[in-house]
file input-v6.csv (CSV, C-alpha atoms)
chain,number,residue,atom,x,y,z
A,1,MET,CA,-12.5,-14.0,-26.9
A,2,THR,CA,-13.7,-10.5,-26.1
A,3,SER,CA,-12.3,-7.4,-24.3
A,4,ALA,CA,-14.0,-4.1,-23.4
A,5,LEU,CA,-15.2,-2.4,-26.5
A,6,THR,CA,-14.5,1.0,-25.2
A,7,PRO,CA,-11.5,1.4,-22.9
A,8,ARG,CA,-12.2,3.5,-19.8
A,9,ASP,CA,-10.3,6.8,-19.3
A,10,PRO,CA,-7.4,5.6,-17.2
A,11,VAL,CA,-7.1,8.9,-15.3
A,12,ASN,CA,-10.8,9.4,-14.5
A,13,ASP,CA,-11.8,5.7,-14.1
A,14,HIS,CA,-13.6,5.0,-10.8
A,15,LEU,CA,-11.3,2.0,-10.4
A,16,LEU,CA,-7.6,2.0,-9.7
A,17,THR,CA,-5.4,2.3,-12.8
A,18,PRO,CA,-1.6,2.8,-13.2
A,19,GLN,CA,-2.4,6.4,-14.3
A,20,ASN,CA,-4.5,7.5,-11.3
A,21,CYS,CA,-2.8,6.1,-8.2
A,22,ALA,CA,0.4,6.1,-6.2
A,23,LEU,CA,1.7,3.8,-3.5
A,24,LEU,CA,2.6,4.8,0.0
A,25,VAL,CA,4.8,2.3,1.9
A,26,ILE,CA,5.2,3.1,5.6
A,27,ASP,CA,7.6,1.7,8.3
A,28,TYR,CA,8.5,-1.7,6.9
A,29,GLN,CA,11.5,-1.7,9.4
A,30,PRO,CA,12.7,-4.7,11.4
A,31,ILE,CA,11.4,-3.5,14.8
A,32,GLN,CA,8.0,-2.7,13.4
A,33,VAL,CA,7.7,-5.9,11.4
A,34,THR,CA,8.6,-8.0,14.5
A,35,SER,CA,6.0,-6.1,16.6
A,36,VAL,CA,3.2,-7.3,14.3
A,37,ALA,CA,1.0,-9.8,16.2
A,38,SER,CA,-2.2,-9.8,14.1
A,39,ARG,CA,-0.8,-11.6,11.1
A,40,ASP,CA,2.0,-14.2,10.4
A,41,ARG,CA,5.1,-12.0,9.9
A,42,ARG,CA,6.4,-14.1,7.0
A,43,GLU,CA,3.0,-13.7,5.3
A,44,LEU,CA,3.2,-10.0,5.9
A,45,VAL,CA,6.6,-9.7,4.3
A,46,ASN,CA,5.6,-11.9,1.4
A,47,ASN,CA,2.6,-9.7,0.8
A,48,ILE,CA,4.4,-6.4,0.9
A,49,VAL,CA,7.0,-7.9,-1.5
A,50,ALA,CA,4.1,-8.7,-3.9
A,51,VAL,CA,2.8,-5.1,-3.5
A,52,ALA,CA,6.3,-3.8,-4.3
A,53,ARG,CA,6.5,-5.9,-7.4
A,54,ILE,CA,3.1,-4.7,-8.5
A,55,ALA,CA,4.2,-1.1,-8.1
A,56,LYS,CA,7.3,-1.7,-10.1
A,57,LEU,CA,5.4,-3.6,-12.9
A,58,TYR,CA,2.8,-0.9,-13.3
A,59,LYS,CA,5.3,2.0,-12.8
A,60,LEU,CA,3.3,3.5,-9.9
A,61,PRO,CA,4.8,6.5,-8.2
A,62,VAL,CA,6.0,5.3,-4.8
A,63,VAL,CA,6.7,7.1,-1.6
A,64,LEU,CA,8.6,5.2,1.1
A,65,SER,CA,8.5,6.4,4.7
A,66,THR,CA,10.5,5.4,7.7
A,67,VAL,CA,10.7,6.5,11.3
A,68,ASN,CA,13.8,7.3,13.4
A,69,VAL,CA,16.5,5.9,11.0
A,70,LYS,CA,18.6,9.1,10.9
A,71,THR,CA,18.4,9.4,14.7
A,72,GLY,CA,20.0,6.0,14.9
A,73,ILE,CA,17.1,4.6,17.0
A,74,ASN,CA,15.6,2.3,14.2
A,75,GLN,CA,17.1,0.3,11.3
A,76,PRO,CA,16.2,1.2,7.7
A,77,MET,CA,13.4,-0.3,5.7
A,78,ILE,CA,13.8,-4.1,5.1
A,79,THR,CA,15.7,-5.0,2.0
A,80,GLU,CA,12.9,-7.2,0.7
A,81,VAL,CA,11.2,-3.9,-0.1
A,82,THR,CA,14.1,-1.6,-1.0
A,83,ASP,CA,15.6,-4.2,-3.3
A,84,ILE,CA,12.5,-3.9,-5.5
A,85,LEU,CA,11.7,-0.2,-4.8
A,86,PRO,CA,15.0,1.6,-4.4
A,87,GLY,CA,15.0,5.2,-3.4
A,88,GLU,CA,15.5,7.4,-0.3
A,89,PRO,CA,12.6,7.0,2.1
A,90,ILE,CA,11.3,10.1,3.8
A,91,ASP,CA,12.5,9.6,7.4
A,92,ARG,CA,10.7,11.2,10.2
A,93,THR,CA,10.6,11.4,14.0
A,94,THR,CA,6.8,11.6,14.2
A,95,VAL,CA,4.9,8.4,15.1
A,96,ASN,CA,2.3,9.8,12.9
A,97,ALA,CA,3.2,9.5,9.2
A,98,GLY,CA,0.5,11.9,8.2
A,99,ARG,CA,2.3,14.8,9.7
A,100,THR,CA,5.0,14.4,7.1
A,101,ARG,CA,3.9,16.4,4.1
A,102,THR,CA,4.8,15.1,0.7
A,103,SER,CA,3.5,15.8,-2.8
A,104,MET,CA,1.6,12.8,-4.1
A,105,PRO,CA,1.1,12.9,-7.9
A,106,ARG,CA,-2.1,10.8,-8.0
A,107,SER,CA,-5.5,11.2,-6.5
A,108,ARG,CA,-5.8,7.6,-5.3
A,109,LEU,CA,-3.5,6.1,-2.7
A,110,PRO,CA,-3.1,2.4,-2.1
A,111,VAL,CA,-1.3,2.3,1.3
A,112,ALA,CA,0.7,-0.4,3.0
A,113,THR,CA,2.1,-0.1,6.5
A,114,SER,CA,3.9,-2.6,8.6
A,115,TYR,CA,1.7,-1.9,11.6
A,116,LEU,CA,-1.5,-0.1,12.4
A,117,PHE,CA,-2.2,2.1,15.5
A,118,ALA,CA,-5.8,2.5,16.7
A,119,HIS,CA,-4.7,5.0,19.4
A,120,CYS,CA,-2.7,7.6,17.6
A,121,GLY,CA,-5.5,10.0,16.8
A,122,PRO,CA,-7.0,10.9,13.5
A,123,ARG,CA,-3.7,11.2,11.6
A,124,SER,CA,-2.7,7.7,12.5
A,125,ALA,CA,0.6,6.1,11.4
A,126,SER,CA,-1.4,3.5,9.5
A,127,VAL,CA,-2.5,5.6,6.6
A,128,SER,CA,-3.7,9.0,8.0
A,129,PRO,CA,-7.1,8.7,6.4
A,130,TYR,CA,-8.4,12.1,7.7
A,131,TRP,CA,-5.4,13.9,6.2
A,132,THR,CA,-5.5,12.1,2.9
A,133,ILE,CA,-9.2,12.4,2.5
A,134,LYS,CA,-9.1,16.1,3.5
A,135,GLU,CA,-6.4,16.5,0.8
A,136,ASN,CA,-8.8,14.9,-1.8
A,137,TYR,CA,-7.0,11.6,-1.9
A,138,GLU,CA,-9.0,8.3,-2.0
A,139,VAL,CA,-7.3,5.9,0.4
A,140,TYR,CA,-7.1,2.2,-0.3
A,141,PRO,CA,-5.5,0.3,2.6
A,142,ILE,CA,-4.0,-3.0,1.3
A,143,ILE,CA,-5.4,-5.1,4.1
A,144,ASP,CA,-3.3,-8.3,3.7
A,145,ALA,CA,-0.1,-6.3,3.5
A,146,VAL,CA,-0.6,-4.5,6.9
A,147,GLY,CA,-0.6,-5.7,10.5
A,148,GLY,CA,-1.3,-4.6,14.0
A,149,THR,CA,0.4,-4.9,17.4
A,150,SER,CA,-2.6,-7.1,18.4
A,151,SER,CA,-5.6,-8.5,16.6
A,152,GLU,CA,-7.8,-6.1,18.5
A,153,ALA,CA,-5.6,-3.0,17.6
A,154,HIS,CA,-5.6,-4.1,14.0
A,155,LYS,CA,-9.4,-4.5,13.8
A,156,LEU,CA,-10.0,-1.1,15.5
A,157,ALA,CA,-7.5,0.7,13.3
A,158,LEU,CA,-9.1,-0.7,10.1
A,159,ARG,CA,-12.6,0.1,11.4
A,160,ARG,CA,-11.5,3.7,12.1
A,161,MET,CA,-10.1,4.1,8.6
A,162,ILE,CA,-13.2,2.7,7.0
A,163,GLN,CA,-15.3,5.1,9.0
A,164,ALA,CA,-13.2,7.9,7.7
A,165,GLY,CA,-13.9,6.8,4.1
A,166,ALA,CA,-11.0,4.4,3.3
A,167,LYS,CA,-11.7,1.6,0.8
A,168,PRO,CA,-9.9,-1.6,1.8
A,169,VAL,CA,-8.4,-3.9,-0.9
A,170,SER,CA,-6.2,-7.0,-0.9
A,171,TRP,CA,-3.0,-7.1,-2.9
A,172,VAL,CA,-4.7,-9.6,-5.3
A,173,GLN,CA,-7.6,-7.1,-5.8
A,174,LEU,CA,-5.0,-4.4,-6.4
A,175,ILE,CA,-3.1,-6.2,-9.1
A,176,CYS,CA,-6.2,-7.5,-10.9
A,177,GLU,CA,-7.7,-4.0,-10.9
A,178,LEU,CA,-4.5,-2.5,-12.4
A,179,GLN,CA,-4.2,-5.3,-15.0
A,180,ARG,CA,-7.9,-5.7,-15.7
A,181,ASP,CA,-7.5,-7.4,-19.1
A,182,TRP,CA,-5.2,-10.3,-20.3
A,183,GLN,CA,-5.0,-8.5,-23.6
A,184,ARG,CA,-2.7,-6.0,-22.0
A,185,LYS,CA,0.2,-8.2,-23.0
A,186,ASN,CA,3.0,-5.9,-22.0
A,187,THR,CA,2.2,-6.6,-18.4
A,188,ALA,CA,0.2,-9.9,-18.6
A,189,GLY,CA,3.2,-12.2,-18.2
A,190,ASP,CA,4.6,-10.6,-15.1
A,191,PHE,CA,1.1,-10.1,-13.8
A,192,ALA,CA,0.6,-13.9,-13.8
A,193,LYS,CA,4.1,-14.5,-12.2
A,194,ILE,CA,3.3,-12.1,-9.3
A,195,LEU,CA,-0.3,-13.4,-8.9
A,196,PHE,CA,0.6,-17.0,-8.6
A,197,ALA,CA,4.0,-16.7,-6.9
A,198,VAL,CA,2.6,-16.2,-3.4
A,199,GLU,CA,1.5,-19.4,-1.8
A,200,GLY,CA,-2.3,-19.8,-1.7
A,201,HIS,CA,-3.0,-17.8,-4.9
call {"tool": "encode", "arguments": {"input": "input-v6.csv", "output": "C-alpha cells"}}
result
Amino acid sequence: MTSALTPRDPVNDHLLTPQNCALLVIDYQPIQVTSVASRDRRELVNNIVAVARIAKLYKLPVVLSTVNVKTGINQPMITEVTDILPGEPIDRTTVNAGRTRTSMPRSRLPVATSYLFAHCGPRSASVSPYWTIKENYEVYPIIDAVGGTSSEAHKLALRRMIQAGAKPVSWVQLICELQRDWQRKNTAGDFAKILFAVEGH
C-alpha cells in the first residue's frame, strides 16, 4: 500500500485542499428551491446537504448568503443546510449576489447556489464569475448542487460561467479532491460516510 511520497503544499497546490478554498452557499431558501426545474428538487437538497457536510468535515471557511429575508419577502435558508452550517447568512436585497462584498479568506471558491440565472448580467446570482475572477478567486461551481429555473436557463448559465473561467466540479469530485488519500485517517471515516450516504454513489 502506497501514498504520495512527497505531500503537496496544501496552500499552493493546484487542486482544492482544505487550506486553499472556501465555500460560498447562495439562496437555498424555500421559494428558490421550489423554483428549480432543471433538476429533481429532492436530489438538489440531498446534494447541498452533502456539500455542507463536506465543508464541516474539512473545516472550510463558509459564507452563507440569502436574499430578502430581513425585508420579510422571503423565508430563511432551509434548515437542512443551516443545521449543519450554523451562522448568520449575509442577507441582501440584490438579485445579484456578487454585488454583496465580503472578505473571502481563500483563493479558491467552490460555489453552490439553489438556482442559476443566465440573464442577470456578468455578476449573476449564480456565482458571479466575473467578480470573483477579477478579485483573483478561482471559481468551482458545484454542478450537481445547483439548479436552474429551466433546463435551458441552467445550461446557459453554466456555459457563461465556464466562458468566464469557472471550473465545474461535482460534490463527489470535491470531497475526493479534499480527502485525496485514505491514509488521512482523521477524516477518512466520515469521508466514506458522506460519499456513500447519497443514493447512487
call {"tool": "residues_around", "arguments": {"input": "input-v6.csv", "residues": "Val169 of chain A", "least_positions_apart": "6", "cutoff": "8 Å", "atoms": "only C-alpha atoms", "output": "ChimeraX atom specification"}}
result
/A:140-143
call {"tool": "closest_residue", "arguments": {"input": "input-v6.csv", "among": "A:Leu156, A:Val36, A:Ile54, A:Leu85", "to": "Thr17 of chain A", "atoms": "only C-alpha atoms"}}
result
A:Ile54
call {"tool": "closest_residue", "arguments": {"input": "input-v6.csv", "among": "A:Leu24, A:Val146, A:Leu64, A:Met77", "to": "Asn46 of chain A", "atoms": "all atoms listed in the file"}}
result
A:Val146
call {"tool": "closest_residue", "arguments": {"input": "input-v6.csv", "among": "A:Lys193, A:Arg108, A:Arg160, A:Lys185", "to": "Asp13 of chain A", "atoms": "all atoms listed in the file"}}
result
A:Arg108
call {"tool": "residues_around", "arguments": {"input": "input-v6.csv", "residues": "Ala188 of chain A", "least_positions_apart": "4", "cutoff": "12 Å", "atoms": "all atoms listed in the file", "output": "MDAnalysis selection string"}}
result
chainID A and resid 54 57:58 175:176 178:184 192:195
call {"tool": "closest_residue", "arguments": {"input": "input-v6.csv", "among": "A:Ala112, A:Leu158, A:Ile73, A:Ile31", "to": "Ala145 of chain A", "atoms": "all atoms listed in the file"}}
result
A:Ala112
call {"tool": "closest_residue", "arguments": {"input": "input-v6.csv", "among": "A:Val111, A:Tyr28, A:Arg92, A:Asp40", "to": "Glu80 of chain A", "atoms": "only C-alpha atoms"}}
result
A:Tyr28
call {"tool": "closest_residue", "arguments": {"input": "input-v6.csv", "among": "A:Asp91, A:Ala37, A:Gly148, A:Glu138", "to": "Gly165 of chain A", "atoms": "all atoms listed in the file"}}
result
A:Glu138
call {"tool": "atom_distance", "arguments": {"input": "input-v6.csv", "atom1": "atom CA of Thr79 of chain A", "atom2": "atom CA of Gly147 of chain A"}}
result
18.4 Å
call {"tool": "residues_around", "arguments": {"input": "input-v6.csv", "residues": "Ala166 of chain A", "least_positions_apart": "3", "cutoff": "6 Å", "atoms": "all atoms listed in the file", "output": "CSV table (one decimal) with C-alpha atoms, in the frame of the given file"}}
result
chain,number,residue,atom,x,y,z
A,139,VAL,CA,-7.3,5.9,0.4
A,140,TYR,CA,-7.1,2.2,-0.3
A,161,MET,CA,-10.1,4.1,8.6
A,162,ILE,CA,-13.2,2.7,7.0
call {"tool": "atom_distance", "arguments": {"input": "input-v6.csv", "atom1": "atom CA of Val51 of chain A", "atom2": "atom CA of Ile84 of chain A"}}
result
10.0 Å
call {"tool": "atom_distance", "arguments": {"input": "input-v6.csv", "atom1": "atom CA of Glu152 of chain A", "atom2": "atom CA of Leu16 of chain A"}}
result
29.3 Å
call {"tool": "build_atoms", "arguments": {"input": "input-v6.csv", "residues": "segment 78-89 of chain A", "atoms": "all heavy atoms", "output": "PDB file, in the coordinates of the input"}}
result
ATOM      1  N   ILE A  78      13.237  -2.728   5.431  1.00  0.00           N
ATOM      2  CA  ILE A  78      13.800  -4.100   5.100  1.00  0.00           C
ATOM      3  C   ILE A  78      14.144  -4.162   3.646  1.00  0.00           C
ATOM      4  O   ILE A  78      13.503  -3.576   2.774  1.00  0.00           O
ATOM      5  CB  ILE A  78      12.730  -5.156   5.497  1.00  0.00           C
ATOM      6  CG1 ILE A  78      11.402  -4.965   4.756  1.00  0.00           C
ATOM      7  CG2 ILE A  78      12.516  -5.190   7.004  1.00  0.00           C
ATOM      8  CD1 ILE A  78      10.402  -6.092   4.982  1.00  0.00           C
ATOM      9  N   THR A  79      15.200  -4.907   3.398  1.00  0.00           N
ATOM     10  CA  THR A  79      15.700  -5.000   2.000  1.00  0.00           C
ATOM     11  C   THR A  79      14.806  -5.705   1.074  1.00  0.00           C
ATOM     12  O   THR A  79      14.898  -5.517  -0.134  1.00  0.00           O
ATOM     13  CB  THR A  79      17.113  -5.696   2.041  1.00  0.00           C
ATOM     14  OG1 THR A  79      16.961  -7.004   2.625  1.00  0.00           O
ATOM     15  CG2 THR A  79      18.121  -4.898   2.828  1.00  0.00           C
ATOM     16  N   GLU A  80      13.902  -6.536   1.608  1.00  0.00           N
ATOM     17  CA  GLU A  80      12.900  -7.200   0.700  1.00  0.00           C
ATOM     18  C   GLU A  80      12.115  -6.176  -0.050  1.00  0.00           C
ATOM     19  O   GLU A  80      11.698  -6.433  -1.181  1.00  0.00           O
ATOM     20  CB  GLU A  80      11.988  -8.097   1.547  1.00  0.00           C
ATOM     21  CG  GLU A  80      12.630  -9.344   2.116  1.00  0.00           C
ATOM     22  CD  GLU A  80      13.232  -9.128   3.501  1.00  0.00           C
ATOM     23  OE1 GLU A  80      13.509  -7.965   3.868  1.00  0.00           O
ATOM     24  OE2 GLU A  80      13.436 -10.118   4.214  1.00  0.00           O
ATOM     25  N   VAL A  81      11.897  -5.001   0.561  1.00  0.00           N
ATOM     26  CA  VAL A  81      11.200  -3.900  -0.100  1.00  0.00           C
ATOM     27  C   VAL A  81      12.093  -3.053  -0.927  1.00  0.00           C
ATOM     28  O   VAL A  81      11.847  -2.788  -2.109  1.00  0.00           O
ATOM     29  CB  VAL A  81      10.373  -3.075   0.912  1.00  0.00           C
ATOM     30  CG1 VAL A  81       9.737  -1.859   0.232  1.00  0.00           C
ATOM     31  CG2 VAL A  81       9.307  -3.908   1.604  1.00  0.00           C
ATOM     32  N   THR A  82      13.187  -2.624  -0.328  1.00  0.00           N
ATOM     33  CA  THR A  82      14.100  -1.600  -1.000  1.00  0.00           C
ATOM     34  C   THR A  82      14.842  -2.255  -2.162  1.00  0.00           C
ATOM     35  O   THR A  82      15.282  -1.525  -3.050  1.00  0.00           O
ATOM     36  CB  THR A  82      15.014  -0.982  -0.005  1.00  0.00           C
ATOM     37  OG1 THR A  82      15.770  -1.991   0.681  1.00  0.00           O
ATOM     38  CG2 THR A  82      14.246  -0.147   1.009  1.00  0.00           C
ATOM     39  N   ASP A  83      15.014  -3.571  -2.182  1.00  0.00           N
ATOM     40  CA  ASP A  83      15.600  -4.200  -3.300  1.00  0.00           C
ATOM     41  C   ASP A  83      14.759  -4.060  -4.579  1.00  0.00           C
ATOM     42  O   ASP A  83      15.256  -4.015  -5.711  1.00  0.00           O
ATOM     43  CB  ASP A  83      15.927  -5.680  -3.084  1.00  0.00           C
ATOM     44  CG  ASP A  83      17.139  -5.889  -2.181  1.00  0.00           C
ATOM     45  OD1 ASP A  83      17.865  -4.903  -1.907  1.00  0.00           O
ATOM     46  OD2 ASP A  83      17.349  -7.038  -1.734  1.00  0.00           O
ATOM     47  N   ILE A  84      13.454  -3.989  -4.375  1.00  0.00           N
ATOM     48  CA  ILE A  84      12.500  -3.900  -5.500  1.00  0.00           C
ATOM     49  C   ILE A  84      12.188  -2.395  -5.752  1.00  0.00           C
ATOM     50  O   ILE A  84      12.069  -1.975  -6.904  1.00  0.00           O
ATOM     51  CB  ILE A  84      11.209  -4.630  -5.166  1.00  0.00           C
ATOM     52  CG1 ILE A  84      11.518  -6.105  -4.950  1.00  0.00           C
ATOM     53  CG2 ILE A  84      10.174  -4.446  -6.284  1.00  0.00           C
ATOM     54  CD1 ILE A  84      10.367  -6.901  -4.364  1.00  0.00           C
ATOM     55  N   LEU A  85      12.049  -1.621  -4.689  1.00  0.00           N
ATOM     56  CA  LEU A  85      11.700  -0.200  -4.800  1.00  0.00           C
ATOM     57  C   LEU A  85      12.825   0.647  -4.217  1.00  0.00           C
ATOM     58  O   LEU A  85      12.736   1.149  -3.097  1.00  0.00           O
ATOM     59  CB  LEU A  85      10.386   0.076  -4.030  1.00  0.00           C
ATOM     60  CG  LEU A  85       9.156  -0.706  -4.476  1.00  0.00           C
ATOM     61  CD1 LEU A  85       7.982  -0.424  -3.543  1.00  0.00           C
ATOM     62  CD2 LEU A  85       8.793  -0.368  -5.918  1.00  0.00           C
ATOM     63  N   PRO A  86      13.906   0.798  -4.956  1.00  0.00           N
ATOM     64  CA  PRO A  86      15.000   1.600  -4.400  1.00  0.00           C
ATOM     65  C   PRO A  86      14.625   3.070  -4.375  1.00  0.00           C
ATOM     66  O   PRO A  86      13.723   3.521  -5.071  1.00  0.00           O
ATOM     67  CB  PRO A  86      16.126   1.369  -5.460  1.00  0.00           C
ATOM     68  CG  PRO A  86      15.415   1.010  -6.715  1.00  0.00           C
ATOM     69  CD  PRO A  86      14.171   0.285  -6.310  1.00  0.00           C
ATOM     70  N   GLY A  87      15.295   3.778  -3.522  1.00  0.00           N
ATOM     71  CA  GLY A  87      15.000   5.200  -3.400  1.00  0.00           C
ATOM     72  C   GLY A  87      15.208   5.578  -1.908  1.00  0.00           C
ATOM     73  O   GLY A  87      15.275   4.719  -1.023  1.00  0.00           O
ATOM     74  N   GLU A  88      15.290   6.857  -1.671  1.00  0.00           N
ATOM     75  CA  GLU A  88      15.500   7.400  -0.300  1.00  0.00           C
ATOM     76  C   GLU A  88      14.194   7.560   0.384  1.00  0.00           C
ATOM     77  O   GLU A  88      13.419   8.442   0.005  1.00  0.00           O
ATOM     78  CB  GLU A  88      16.294   8.680  -0.380  1.00  0.00           C
ATOM     79  CG  GLU A  88      16.720   9.221   0.974  1.00  0.00           C
ATOM     80  CD  GLU A  88      17.753   8.341   1.666  1.00  0.00           C
ATOM     81  OE1 GLU A  88      18.513   7.643   0.959  1.00  0.00           O
ATOM     82  OE2 GLU A  88      17.793   8.348   2.899  1.00  0.00           O
ATOM     83  N   PRO A  89      13.900   6.756   1.422  1.00  0.00           N
ATOM     84  CA  PRO A  89      12.600   7.000   2.100  1.00  0.00           C
ATOM     85  C   PRO A  89      12.617   8.333   2.837  1.00  0.00           C
ATOM     86  O   PRO A  89      13.666   8.880   3.208  1.00  0.00           O
ATOM     87  CB  PRO A  89      12.629   5.842   3.173  1.00  0.00           C
ATOM     88  CG  PRO A  89      13.552   4.802   2.626  1.00  0.00           C
ATOM     89  CD  PRO A  89      14.618   5.582   1.905  1.00  0.00           C
TER      90      PRO A  89
END
